[in-house]
Each structure stands twice: as structure tokens, then as C-alpha cells.
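Pasting final-v4.txt here (compact mmCIF, N, CA and C atoms and all ligand atoms):
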# COMPACT_ATOMS: atom_id res chain seq x y z
N MET Y 28 0.83 -1.21 0.00
CA MET Y 28 0.00 0.00 0.00
C MET Y 28 0.86 1.25 0.00
N ARG Y 29 1.92 1.18 0.78
CA ARG Y 29 2.81 2.34 0.86
C ARG Y 29 3.46 2.60 -0.51
N ASN Y 30 3.85 1.52 -1.17
CA ASN Y 30 4.48 1.66 -2.48
C ASN Y 30 3.51 2.23 -3.51
N ILE Y 31 2.25 1.81 -3.40
CA ILE Y 31 1.24 2.31 -4.33
C ILE Y 31 1.05 3.81 -4.16
N ARG Y 32 1.01 4.25 -2.88
CA ARG Y 32 0.88 5.69 -2.63
C ARG Y 32 2.07 6.46 -3.23
N PHE Y 33 3.24 5.86 -3.07
CA PHE Y 33 4.44 6.51 -3.60
C PHE Y 33 4.37 6.63 -5.13
N VAL Y 34 3.93 5.54 -5.75
CA VAL Y 34 3.83 5.54 -7.22
C VAL Y 34 2.78 6.56 -7.67
N LEU Y 35 1.64 6.60 -6.97
CA LEU Y 35 0.60 7.56 -7.33
C LEU Y 35 1.09 8.99 -7.16
N ALA Y 36 1.82 9.23 -6.05
CA ALA Y 36 2.35 10.58 -5.83
C ALA Y 36 3.35 10.94 -6.92
N ALA Y 37 4.19 9.98 -7.28
CA ALA Y 37 5.19 10.23 -8.32
C ALA Y 37 4.50 10.50 -9.66
N LEU Y 38 3.43 9.75 -9.94
CA LEU Y 38 2.70 9.97 -11.20
C LEU Y 38 2.04 11.35 -11.22
N ALA Y 39 1.48 11.71 -10.05
CA ALA Y 39 0.82 13.01 -9.97
C ALA Y 39 1.84 14.13 -10.18
N LEU Y 40 2.98 14.00 -9.54
CA LEU Y 40 4.03 15.02 -9.70
C LEU Y 40 4.55 15.03 -11.14
N GLY Y 41 4.77 13.82 -11.65
CA GLY Y 41 5.26 13.71 -13.02
C GLY Y 41 4.26 14.29 -14.01
N GLY Y 42 2.98 13.99 -13.77
CA GLY Y 42 1.93 14.52 -14.64
C GLY Y 42 1.86 16.03 -14.58
N LEU Y 43 2.02 16.57 -13.39
CA LEU Y 43 2.01 18.02 -13.23
C LEU Y 43 3.18 18.63 -13.99
N GLY Y 44 4.36 18.01 -13.79
CA GLY Y 44 5.54 18.51 -14.48
C GLY Y 44 5.38 18.43 -15.99
N PHE Y 45 4.78 17.36 -16.42
CA PHE Y 45 4.58 17.15 -17.85
C PHE Y 45 3.66 18.20 -18.43
N SER Y 46 2.54 18.48 -17.73
CA SER Y 46 1.61 19.47 -18.27
C SER Y 46 2.23 20.86 -18.28
N GLN Y 47 3.05 21.15 -17.26
CA GLN Y 47 3.71 22.45 -17.26
C GLN Y 47 4.69 22.54 -18.43
N LEU Y 48 5.42 21.45 -18.62
CA LEU Y 48 6.38 21.40 -19.72
C LEU Y 48 5.64 21.56 -21.05
N GLY Y 49 4.48 20.90 -21.14
CA GLY Y 49 3.70 20.98 -22.37
C GLY Y 49 3.28 22.39 -22.69
N SER Y 50 2.84 23.14 -21.69
CA SER Y 50 2.38 24.50 -21.96
C SER Y 50 3.56 25.41 -22.30
N VAL Y 51 4.70 25.17 -21.68
CA VAL Y 51 5.87 25.99 -21.99
C VAL Y 51 6.34 25.70 -23.41
N SER Y 52 6.41 24.41 -23.77
CA SER Y 52 6.95 24.10 -25.09
C SER Y 52 6.00 24.51 -26.20
N ALA Y 53 4.69 24.62 -25.90
CA ALA Y 53 3.75 25.09 -26.92
C ALA Y 53 4.13 26.50 -27.36
N PHE Y 54 4.51 27.32 -26.41
CA PHE Y 54 4.92 28.68 -26.74
C PHE Y 54 6.40 28.75 -27.07
N GLY Y 55 7.18 27.80 -26.53
CA GLY Y 55 8.62 27.83 -26.73
C GLY Y 55 9.07 27.26 -28.06
N ALA Y 56 8.18 26.65 -28.81
CA ALA Y 56 8.56 26.05 -30.09
C ALA Y 56 9.10 27.10 -31.06
N TYR Y 57 8.48 28.27 -31.09
CA TYR Y 57 8.95 29.34 -31.98
C TYR Y 57 10.33 29.81 -31.53
N ARG Y 58 10.48 29.91 -30.22
CA ARG Y 58 11.76 30.35 -29.68
C ARG Y 58 12.86 29.34 -30.02
N GLU Y 59 12.55 28.06 -29.84
CA GLU Y 59 13.52 27.02 -30.16
C GLU Y 59 13.92 27.07 -31.63
N GLN Y 60 12.95 27.31 -32.50
CA GLN Y 60 13.25 27.39 -33.94
C GLN Y 60 14.13 28.61 -34.22
N ALA Y 61 13.84 29.73 -33.57
CA ALA Y 61 14.64 30.95 -33.78
C ALA Y 61 16.07 30.74 -33.29
N VAL Y 62 16.22 30.09 -32.14
CA VAL Y 62 17.56 29.82 -31.61
C VAL Y 62 18.37 29.01 -32.61
N LYS Y 63 17.74 27.96 -33.15
CA LYS Y 63 18.41 27.07 -34.10
C LYS Y 63 18.69 27.79 -35.43
N GLN Y 64 17.66 28.43 -35.96
CA GLN Y 64 17.78 29.02 -37.30
C GLN Y 64 18.65 30.27 -37.29
N PHE Y 65 18.61 31.03 -36.22
CA PHE Y 65 19.42 32.25 -36.12
C PHE Y 65 20.79 31.97 -35.51
N LYS Y 66 21.04 30.69 -35.22
CA LYS Y 66 22.34 30.27 -34.69
C LYS Y 66 22.72 31.03 -33.43
N LEU Y 67 21.74 31.18 -32.55
CA LEU Y 67 21.95 31.91 -31.30
C LEU Y 67 21.98 30.91 -30.15
N THR Y 68 22.49 31.34 -29.03
CA THR Y 68 22.44 30.50 -27.85
C THR Y 68 21.22 30.90 -27.05
N ASN Y 69 20.71 29.98 -26.23
CA ASN Y 69 19.48 30.23 -25.47
C ASN Y 69 19.53 31.50 -24.64
N ASN Y 70 20.71 31.80 -24.06
CA ASN Y 70 20.75 32.97 -23.19
C ASN Y 70 20.76 34.28 -23.97
N ARG Y 71 20.87 34.20 -25.29
CA ARG Y 71 20.84 35.42 -26.09
C ARG Y 71 19.49 35.63 -26.76
N ILE Y 72 18.55 34.74 -26.51
CA ILE Y 72 17.24 34.89 -27.12
C ILE Y 72 16.15 34.51 -26.13
N GLY Y 73 15.77 35.48 -25.31
CA GLY Y 73 14.68 35.30 -24.38
C GLY Y 73 13.38 35.73 -25.03
N CYS Y 74 12.30 35.77 -24.27
CA CYS Y 74 11.00 36.15 -24.81
C CYS Y 74 11.02 37.57 -25.39
N THR Y 75 11.88 38.45 -24.82
CA THR Y 75 11.90 39.84 -25.30
C THR Y 75 12.55 39.97 -26.68
N TYR Y 76 12.99 38.87 -27.24
CA TYR Y 76 13.48 38.92 -28.62
C TYR Y 76 12.34 39.37 -29.54
N CYS Y 77 11.11 38.92 -29.21
CA CYS Y 77 9.93 39.26 -30.02
C CYS Y 77 8.81 39.93 -29.21
N HIS Y 78 8.78 39.65 -27.90
CA HIS Y 78 7.71 40.18 -27.06
C HIS Y 78 8.21 41.37 -26.24
N VAL Y 79 7.30 42.18 -25.76
CA VAL Y 79 7.66 43.30 -24.89
C VAL Y 79 8.00 42.77 -23.49
N SER Y 80 7.19 41.84 -23.01
CA SER Y 80 7.38 41.29 -21.67
C SER Y 80 8.34 40.11 -21.67
N ALA Y 81 9.12 40.00 -20.60
CA ALA Y 81 10.02 38.86 -20.42
C ALA Y 81 9.25 37.57 -20.24
N ASP Y 82 7.94 37.67 -19.97
CA ASP Y 82 7.09 36.49 -19.81
C ASP Y 82 6.38 36.12 -21.11
N GLY Y 83 6.63 36.85 -22.19
CA GLY Y 83 5.99 36.56 -23.48
C GLY Y 83 4.58 37.13 -23.55
N GLY Y 84 3.76 36.63 -24.43
CA GLY Y 84 2.39 37.11 -24.61
C GLY Y 84 2.34 38.47 -25.29
N ALA Y 85 1.15 39.05 -25.37
CA ALA Y 85 0.97 40.36 -26.00
C ALA Y 85 1.42 41.46 -25.02
N PRO Y 86 1.90 42.57 -25.48
CA PRO Y 86 2.14 42.91 -26.89
C PRO Y 86 3.51 42.45 -27.38
N TRP Y 87 3.71 42.56 -28.67
CA TRP Y 87 4.97 42.19 -29.29
C TRP Y 87 5.78 43.46 -29.57
N ASN Y 88 7.10 43.32 -29.59
CA ASN Y 88 7.94 44.47 -29.94
C ASN Y 88 7.91 44.65 -31.46
N PRO Y 89 8.53 45.70 -32.01
CA PRO Y 89 8.44 45.95 -33.46
C PRO Y 89 8.93 44.78 -34.32
N PHE Y 90 9.97 44.08 -33.87
CA PHE Y 90 10.45 42.91 -34.63
C PHE Y 90 9.43 41.78 -34.54
N GLY Y 91 8.87 41.56 -33.37
CA GLY Y 91 7.86 40.52 -33.19
C GLY Y 91 6.61 40.80 -34.01
N GLN Y 92 6.25 42.08 -34.14
CA GLN Y 92 5.09 42.46 -34.95
C GLN Y 92 5.35 42.15 -36.43
N ARG Y 93 6.58 42.45 -36.88
CA ARG Y 93 6.93 42.16 -38.27
C ARG Y 93 6.91 40.64 -38.52
N LEU Y 94 7.42 39.90 -37.54
CA LEU Y 94 7.42 38.43 -37.65
C LEU Y 94 5.98 37.90 -37.72
N GLN Y 95 5.13 38.45 -36.87
CA GLN Y 95 3.72 38.03 -36.88
C GLN Y 95 3.08 38.28 -38.24
N ASN Y 96 3.40 39.41 -38.85
CA ASN Y 96 2.83 39.73 -40.16
C ASN Y 96 3.24 38.71 -41.22
N ASN Y 97 4.41 38.10 -41.04
CA ASN Y 97 4.89 37.11 -42.01
C ASN Y 97 4.49 35.69 -41.65
N LEU Y 98 3.86 35.52 -40.49
CA LEU Y 98 3.55 34.18 -40.01
C LEU Y 98 2.23 33.67 -40.57
N SER Y 99 2.34 32.68 -41.45
CA SER Y 99 1.12 32.08 -41.99
C SER Y 99 1.15 30.57 -41.77
N GLY Y 100 1.80 30.16 -40.69
CA GLY Y 100 1.83 28.74 -40.36
C GLY Y 100 3.23 28.20 -40.17
N ASP Y 101 4.13 28.55 -41.07
CA ASP Y 101 5.49 28.01 -41.01
C ASP Y 101 6.42 29.03 -40.36
N ILE Y 102 6.80 28.77 -39.11
CA ILE Y 102 7.63 29.73 -38.37
C ILE Y 102 9.02 29.87 -39.00
N SER Y 103 9.59 28.78 -39.52
CA SER Y 103 10.94 28.88 -40.09
C SER Y 103 10.95 29.79 -41.33
N LYS Y 104 9.90 29.69 -42.11
CA LYS Y 104 9.77 30.53 -43.30
C LYS Y 104 9.57 32.00 -42.88
N ALA Y 105 8.74 32.20 -41.87
CA ALA Y 105 8.46 33.56 -41.38
C ALA Y 105 9.72 34.20 -40.80
N LEU Y 106 10.53 33.41 -40.08
CA LEU Y 106 11.76 33.95 -39.51
C LEU Y 106 12.69 34.43 -40.63
N TYR Y 107 12.82 33.61 -41.66
CA TYR Y 107 13.69 33.98 -42.78
C TYR Y 107 13.14 35.21 -43.51
N GLU Y 108 11.86 35.18 -43.82
CA GLU Y 108 11.27 36.28 -44.59
C GLU Y 108 11.36 37.60 -43.85
N THR Y 109 11.25 37.54 -42.54
CA THR Y 109 11.33 38.77 -41.74
C THR Y 109 12.72 39.39 -41.87
N LEU Y 110 13.74 38.57 -41.90
CA LEU Y 110 15.11 39.09 -42.07
C LEU Y 110 15.34 39.53 -43.52
N ALA Y 111 14.81 38.77 -44.48
CA ALA Y 111 15.02 39.06 -45.90
C ALA Y 111 14.37 40.37 -46.32
N GLU Y 112 13.43 40.87 -45.53
CA GLU Y 112 12.82 42.18 -45.84
C GLU Y 112 13.82 43.32 -45.68
N LYS Y 113 14.92 43.02 -44.98
CA LYS Y 113 16.00 44.01 -44.77
C LYS Y 113 15.47 45.31 -44.15
N LYS Y 114 14.76 45.15 -43.03
CA LYS Y 114 14.20 46.29 -42.31
C LYS Y 114 14.91 46.48 -40.98
N ASP Y 115 14.84 47.68 -40.48
CA ASP Y 115 15.35 48.01 -39.14
C ASP Y 115 14.12 48.22 -38.26
N SER Y 116 13.60 47.14 -37.71
CA SER Y 116 12.32 47.18 -36.98
C SER Y 116 12.33 48.16 -35.82
N ASP Y 117 13.42 48.19 -35.06
CA ASP Y 117 13.44 49.05 -33.87
C ASP Y 117 14.03 50.43 -34.12
N GLY Y 118 14.49 50.67 -35.35
CA GLY Y 118 14.97 52.00 -35.71
C GLY Y 118 16.28 52.41 -35.04
N ASP Y 119 17.12 51.44 -34.71
CA ASP Y 119 18.39 51.78 -34.06
C ASP Y 119 19.56 51.93 -35.04
N GLY Y 120 19.26 51.86 -36.34
CA GLY Y 120 20.30 52.05 -37.35
C GLY Y 120 20.91 50.76 -37.86
N TYR Y 121 20.46 49.63 -37.34
CA TYR Y 121 20.97 48.32 -37.78
C TYR Y 121 19.81 47.49 -38.31
N LEU Y 122 19.97 46.96 -39.52
CA LEU Y 122 18.95 46.08 -40.08
C LEU Y 122 18.77 44.88 -39.16
N ASP Y 123 17.54 44.34 -39.14
CA ASP Y 123 17.24 43.18 -38.28
C ASP Y 123 18.22 42.04 -38.52
N MET Y 124 18.53 41.77 -39.79
CA MET Y 124 19.42 40.65 -40.11
C MET Y 124 20.82 40.87 -39.53
N LEU Y 125 21.24 42.14 -39.46
CA LEU Y 125 22.56 42.44 -38.88
C LEU Y 125 22.52 42.27 -37.37
N GLU Y 126 21.39 42.63 -36.77
CA GLU Y 126 21.26 42.46 -35.31
C GLU Y 126 21.24 40.98 -34.94
N VAL Y 127 20.56 40.17 -35.74
CA VAL Y 127 20.56 38.73 -35.49
C VAL Y 127 21.99 38.20 -35.59
N PHE Y 128 22.70 38.64 -36.61
CA PHE Y 128 24.08 38.21 -36.82
C PHE Y 128 24.98 38.62 -35.65
N ALA Y 129 24.77 39.84 -35.15
CA ALA Y 129 25.61 40.36 -34.07
C ALA Y 129 25.17 39.88 -32.69
N GLY Y 130 23.94 39.39 -32.59
CA GLY Y 130 23.45 38.90 -31.30
C GLY Y 130 22.76 39.95 -30.45
N SER Y 131 22.47 41.12 -31.03
CA SER Y 131 21.71 42.13 -30.29
C SER Y 131 20.22 41.93 -30.59
N LEU Y 132 19.38 42.72 -29.96
CA LEU Y 132 17.93 42.53 -30.09
C LEU Y 132 17.35 43.38 -31.22
N PRO Y 133 16.79 42.75 -32.26
CA PRO Y 133 16.25 43.49 -33.39
C PRO Y 133 14.94 44.24 -33.10
N GLY Y 134 14.36 43.99 -31.94
CA GLY Y 134 13.11 44.67 -31.59
C GLY Y 134 13.26 45.63 -30.43
N ASN Y 135 14.50 45.95 -30.07
CA ASN Y 135 14.76 46.84 -28.93
C ASN Y 135 15.84 47.84 -29.32
N LYS Y 136 15.47 49.11 -29.42
CA LYS Y 136 16.43 50.11 -29.89
C LYS Y 136 17.55 50.37 -28.88
N ASP Y 137 17.36 49.93 -27.64
CA ASP Y 137 18.41 50.09 -26.63
C ASP Y 137 19.45 48.97 -26.69
N SER Y 138 19.22 48.02 -27.57
CA SER Y 138 20.17 46.92 -27.77
C SER Y 138 20.68 47.02 -29.21
N ALA Y 139 21.96 47.30 -29.36
CA ALA Y 139 22.52 47.45 -30.71
C ALA Y 139 23.93 46.87 -30.74
N PRO Y 140 24.38 46.47 -31.92
CA PRO Y 140 25.75 45.96 -32.05
C PRO Y 140 26.77 47.03 -31.64
N LEU Y 141 27.95 46.58 -31.27
CA LEU Y 141 28.98 47.50 -30.80
C LEU Y 141 29.89 47.99 -31.93
N VAL Y 142 29.71 47.47 -33.14
CA VAL Y 142 30.52 47.89 -34.29
C VAL Y 142 29.65 48.70 -35.23
N THR Y 143 30.28 49.42 -36.17
CA THR Y 143 29.50 50.23 -37.12
C THR Y 143 28.68 49.31 -38.02
N ALA Y 144 27.57 49.84 -38.53
CA ALA Y 144 26.70 49.07 -39.42
C ALA Y 144 27.47 48.65 -40.67
N ALA Y 145 28.36 49.50 -41.17
CA ALA Y 145 29.12 49.17 -42.38
C ALA Y 145 30.07 47.99 -42.13
N ALA Y 146 30.78 48.04 -41.01
CA ALA Y 146 31.70 46.94 -40.68
C ALA Y 146 30.94 45.64 -40.45
N LEU Y 147 29.81 45.76 -39.79
CA LEU Y 147 28.99 44.59 -39.51
C LEU Y 147 28.43 44.00 -40.80
N ALA Y 148 27.97 44.88 -41.71
CA ALA Y 148 27.42 44.42 -42.98
C ALA Y 148 28.47 43.67 -43.79
N ALA Y 149 29.72 44.14 -43.76
CA ALA Y 149 30.80 43.48 -44.51
C ALA Y 149 31.04 42.08 -43.94
N ALA Y 150 31.09 41.95 -42.62
CA ALA Y 150 31.29 40.65 -41.98
C ALA Y 150 30.11 39.73 -42.24
N PHE Y 151 28.92 40.32 -42.25
CA PHE Y 151 27.68 39.57 -42.48
C PHE Y 151 27.67 38.98 -43.88
N GLU Y 152 28.01 39.78 -44.88
CA GLU Y 152 28.02 39.29 -46.26
C GLU Y 152 29.09 38.21 -46.45
N LYS Y 153 30.22 38.40 -45.81
CA LYS Y 153 31.32 37.42 -45.90
C LYS Y 153 30.87 36.07 -45.30
N ALA Y 154 30.01 36.13 -44.27
CA ALA Y 154 29.53 34.92 -43.60
C ALA Y 154 28.40 34.23 -44.36
N GLY Y 155 27.94 34.88 -45.45
CA GLY Y 155 26.89 34.23 -46.26
C GLY Y 155 25.63 35.07 -46.42
N GLY Y 156 25.61 36.27 -45.83
CA GLY Y 156 24.45 37.15 -45.99
C GLY Y 156 23.20 36.55 -45.38
N VAL Y 157 22.06 37.05 -45.83
CA VAL Y 157 20.78 36.62 -45.24
C VAL Y 157 20.47 35.15 -45.55
N ASP Y 158 21.08 34.61 -46.61
CA ASP Y 158 20.83 33.21 -46.97
C ASP Y 158 21.28 32.23 -45.89
N GLN Y 159 22.17 32.66 -45.01
CA GLN Y 159 22.60 31.76 -43.93
C GLN Y 159 21.45 31.47 -42.97
N TYR Y 160 20.38 32.24 -43.06
CA TYR Y 160 19.22 32.03 -42.17
C TYR Y 160 18.04 31.36 -42.87
N LYS Y 161 18.28 30.86 -44.08
CA LYS Y 161 17.21 30.14 -44.79
C LYS Y 161 16.87 28.86 -44.04
N PRO Y 162 15.58 28.50 -44.00
CA PRO Y 162 15.21 27.27 -43.28
C PRO Y 162 15.80 26.02 -43.95
CA CA X 1 18.20 46.71 -31.64
Could the structure of this file be written out as C-alpha cells, please?
Amino acid sequence: MRNIRFVLAALALGGLGFSQLGSVSAFGAYREQAVKQFKLTNNRIGCTYCHVSADGGAPWNPFGQRLQNNLSGDISKALYETLAEKKDSDGDGYLDMLEVFAGSLPGNKDSAPLVTAAALAAAFEKAGGVDQYKP
């Protein structure tokens, strides 16, 4: 009987953990794809990469809004198309694709690369340009 209680408690805890994981990964799938496709590390791409709040949800920052406009089902395609538009969503003087390359936030004007846009663009083109982010 004691073992059964233990198993039931473990299942309940496991089930709780599983459902929490499920809800996180439902929203985290886009983030995971962006990390992979943009060749970023997890600590460089939090929810504020696209959302205003660190907890995600509405509203979205200017880059997230542009991404949403391109989202018609396939997140990998939308991520690429958003960069291929060659826009500066946050207006900080760096195109979104250059900010992704440099690791700064394309939707936050207070986050910008530390090198000039011209120097960054040269390094970006040498690395393969926007095509390096094709799905
Ligand atoms: Ca920025």
C-alpha cells in the first residue's frame, strides 16, 4: 500500500511537471526554432526577442510584430522572410538581419551591435548574408 501511494504521488508530480512542460513548449517552439535558425544560444534569445514582456504574450515588440505579419503557419519561413525584408524594426540604425548576426535585439532600440553598421554588414556578407538564415 505504501508503495502504491508513492507511485501515485510520483505519477501526480510527473503529470504536473509534464503538463507544465507541455504549456511551456507550446509557446517555446517558436523560440527554439529561432535559436536554431538564427544560430543563437538560449541565453541570447529570451521572450523579449519578439515580445515586450520577459514572460511573453501580448504585446509584441516591433520585430515581433513584423514576424507576426509574415507568419502564416510556417515559423521557419516567417523567420527567414522577416530578415530578408531588410528592415530596421526598432529604428536603431541596424537592419534586423545584422542584429541577429551580431546577437543584439532586433526589436529593442536600446540593444545594438557595438561595431559600425558598415563593418557589420561586410562581416555579415562574408559569412553568407541573409541566406545563412534560410530554413
Ligand atoms: Ca536593436
Using only C-alpha atoms and all ligand atoms, pick whichever of Y:Gln95, Y:Thr75, Y:Ser138, Y:Gln60 has the shortest atom-to-atom distance to ligand CA 1 (chain X).
Y:Ser138
Neighbouring residues of ligand CA 1 (chain X) are defined here as those with any atom at most 8 Å from a ligand atom, counting only N, CA and C atoms and all ligand atoms; list them as a VMD selection string.
chain Y and resid 115 to 123 126 131 to 140
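Taking CA of Phe151 (chain Y) as the reference point, atom C of Pro86 (chain Y) is found at 28.6 Å.
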Using only C-alpha atoms, which protein or nucleic acid residues come within 10 Å of Ala148 (chain Y)? Drop anything in the same chain fewer than 4 positions from it, and give the result as a PyMOL selection string.
chain Y and resi 121-122+124-125+128-129+142-144+152-154+156
File dump, residues just selected, N, CA and C atoms, as a compact mmCIF listing (two decimals), in the frame of the given file:
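Done, and the output landed in result10.txt:
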# COMPACT_ATOMS: atom_id res chain seq x y z
N TYR Y 121 20.46 49.63 -37.34
CA TYR Y 121 20.97 48.32 -37.78
C TYR Y 121 19.81 47.49 -38.31
N LEU Y 122 19.97 46.96 -39.52
CA LEU Y 122 18.95 46.08 -40.08
C LEU Y 122 18.77 44.88 -39.16
N MET Y 124 18.53 41.77 -39.79
CA MET Y 124 19.42 40.65 -40.11
C MET Y 124 20.82 40.87 -39.53
N LEU Y 125 21.24 42.14 -39.46
CA LEU Y 125 22.56 42.44 -38.88
C LEU Y 125 22.52 42.27 -37.37
N PHE Y 128 22.70 38.64 -36.61
CA PHE Y 128 24.08 38.21 -36.82
C PHE Y 128 24.98 38.62 -35.65
N ALA Y 129 24.77 39.84 -35.15
CA ALA Y 129 25.61 40.36 -34.07
C ALA Y 129 25.17 39.88 -32.69
N VAL Y 142 29.71 47.47 -33.14
CA VAL Y 142 30.52 47.89 -34.29
C VAL Y 142 29.65 48.70 -35.23
N THR Y 143 30.28 49.42 -36.17
CA THR Y 143 29.50 50.23 -37.12
C THR Y 143 28.68 49.31 -38.02
N ALA Y 144 27.57 49.84 -38.53
CA ALA Y 144 26.70 49.07 -39.42
C ALA Y 144 27.47 48.65 -40.67
N GLU Y 152 28.01 39.78 -44.88
CA GLU Y 152 28.02 39.29 -46.26
C GLU Y 152 29.09 38.21 -46.45
N LYS Y 153 30.22 38.40 -45.81
CA LYS Y 153 31.32 37.42 -45.90
C LYS Y 153 30.87 36.07 -45.30
N ALA Y 154 30.01 36.13 -44.27
CA ALA Y 154 29.53 34.92 -43.60
C ALA Y 154 28.40 34.23 -44.36
N GLY Y 156 25.61 36.27 -45.83
CA GLY Y 156 24.45 37.15 -45.99
C GLY Y 156 23.20 36.55 -45.38
I'd like the neighbourhood of Ile102 (chain Y) as a PyMOL selection string, where a residue qualifies if any of its atoms comes within 8 Å (using only N, CA and C atoms), though same-chain residues fewer than 6 positions away should be ignored.
chain Y and resi 56-57+60-61+108+162
Per DSSP on the backbone, filter chain Y down to the residues in helix (DSSP H, G or I) and report them as an NGL selection string.
:Y and (29-64 or 69-71 or 74-76 or 89-97 or 102-111 or 123-129 or 144-153 or 156-160)
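Between CA of Lys113 (chain Y) and CA of Ala146 (chain Y) there is a distance of 16.5 Å.
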How far is it from CA of Val62 (chain Y) to CA of Gly83 (chain Y), in Å with one decimal?
15.7 Å
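Using only C-alpha atoms, the nearest neighbour of Leu110 (chain Y) within the list Y:Leu141, Y:Val127, Y:Val79, Y:Ala150 is Y:Val127.
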Do you know which residues are at most 7 Å from Tyr160 (chain Y) counting all atoms listed in the file, after dropping those on the same chain fewer than 5 positions away, and could you put them as a list in words?
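Residues near the query, excluding close chain neighbours: Gln64, Phe65, Leu106, Tyr107 and Gly155 of chain Y.
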Just write the chosen residues, N, CA and C atoms, as an mmCIF file, keeping the file's coordinate frame.
data_model
loop_
_atom_site.group_PDB
_atom_site.id
_atom_site.type_symbol
_atom_site.label_atom_id
_atom_site.label_comp_id
_atom_site.auth_asym_id
_atom_site.auth_seq_id
_atom_site.Cartn_x
_atom_site.Cartn_y
_atom_site.Cartn_z
ATOM 1 N N GLN Y 64 17.660 28.430 -35.960
ATOM 2 C CA GLN Y 64 17.780 29.020 -37.300
ATOM 3 C C GLN Y 64 18.650 30.270 -37.290
ATOM 4 N N PHE Y 65 18.610 31.030 -36.220
ATOM 5 C CA PHE Y 65 19.420 32.250 -36.120
ATOM 6 C C PHE Y 65 20.790 31.970 -35.510
ATOM 7 N N LEU Y 106 10.530 33.410 -40.080
ATOM 8 C CA LEU Y 106 11.760 33.950 -39.510
ATOM 9 C C LEU Y 106 12.690 34.430 -40.630
ATOM 10 N N TYR Y 107 12.820 33.610 -41.660
ATOM 11 C CA TYR Y 107 13.690 33.980 -42.780
ATOM 12 C C TYR Y 107 13.140 35.210 -43.510
ATOM 13 N N GLY Y 155 27.940 34.880 -45.450
ATOM 14 C CA GLY Y 155 26.890 34.230 -46.260
ATOM 15 C C GLY Y 155 25.630 35.070 -46.420
#
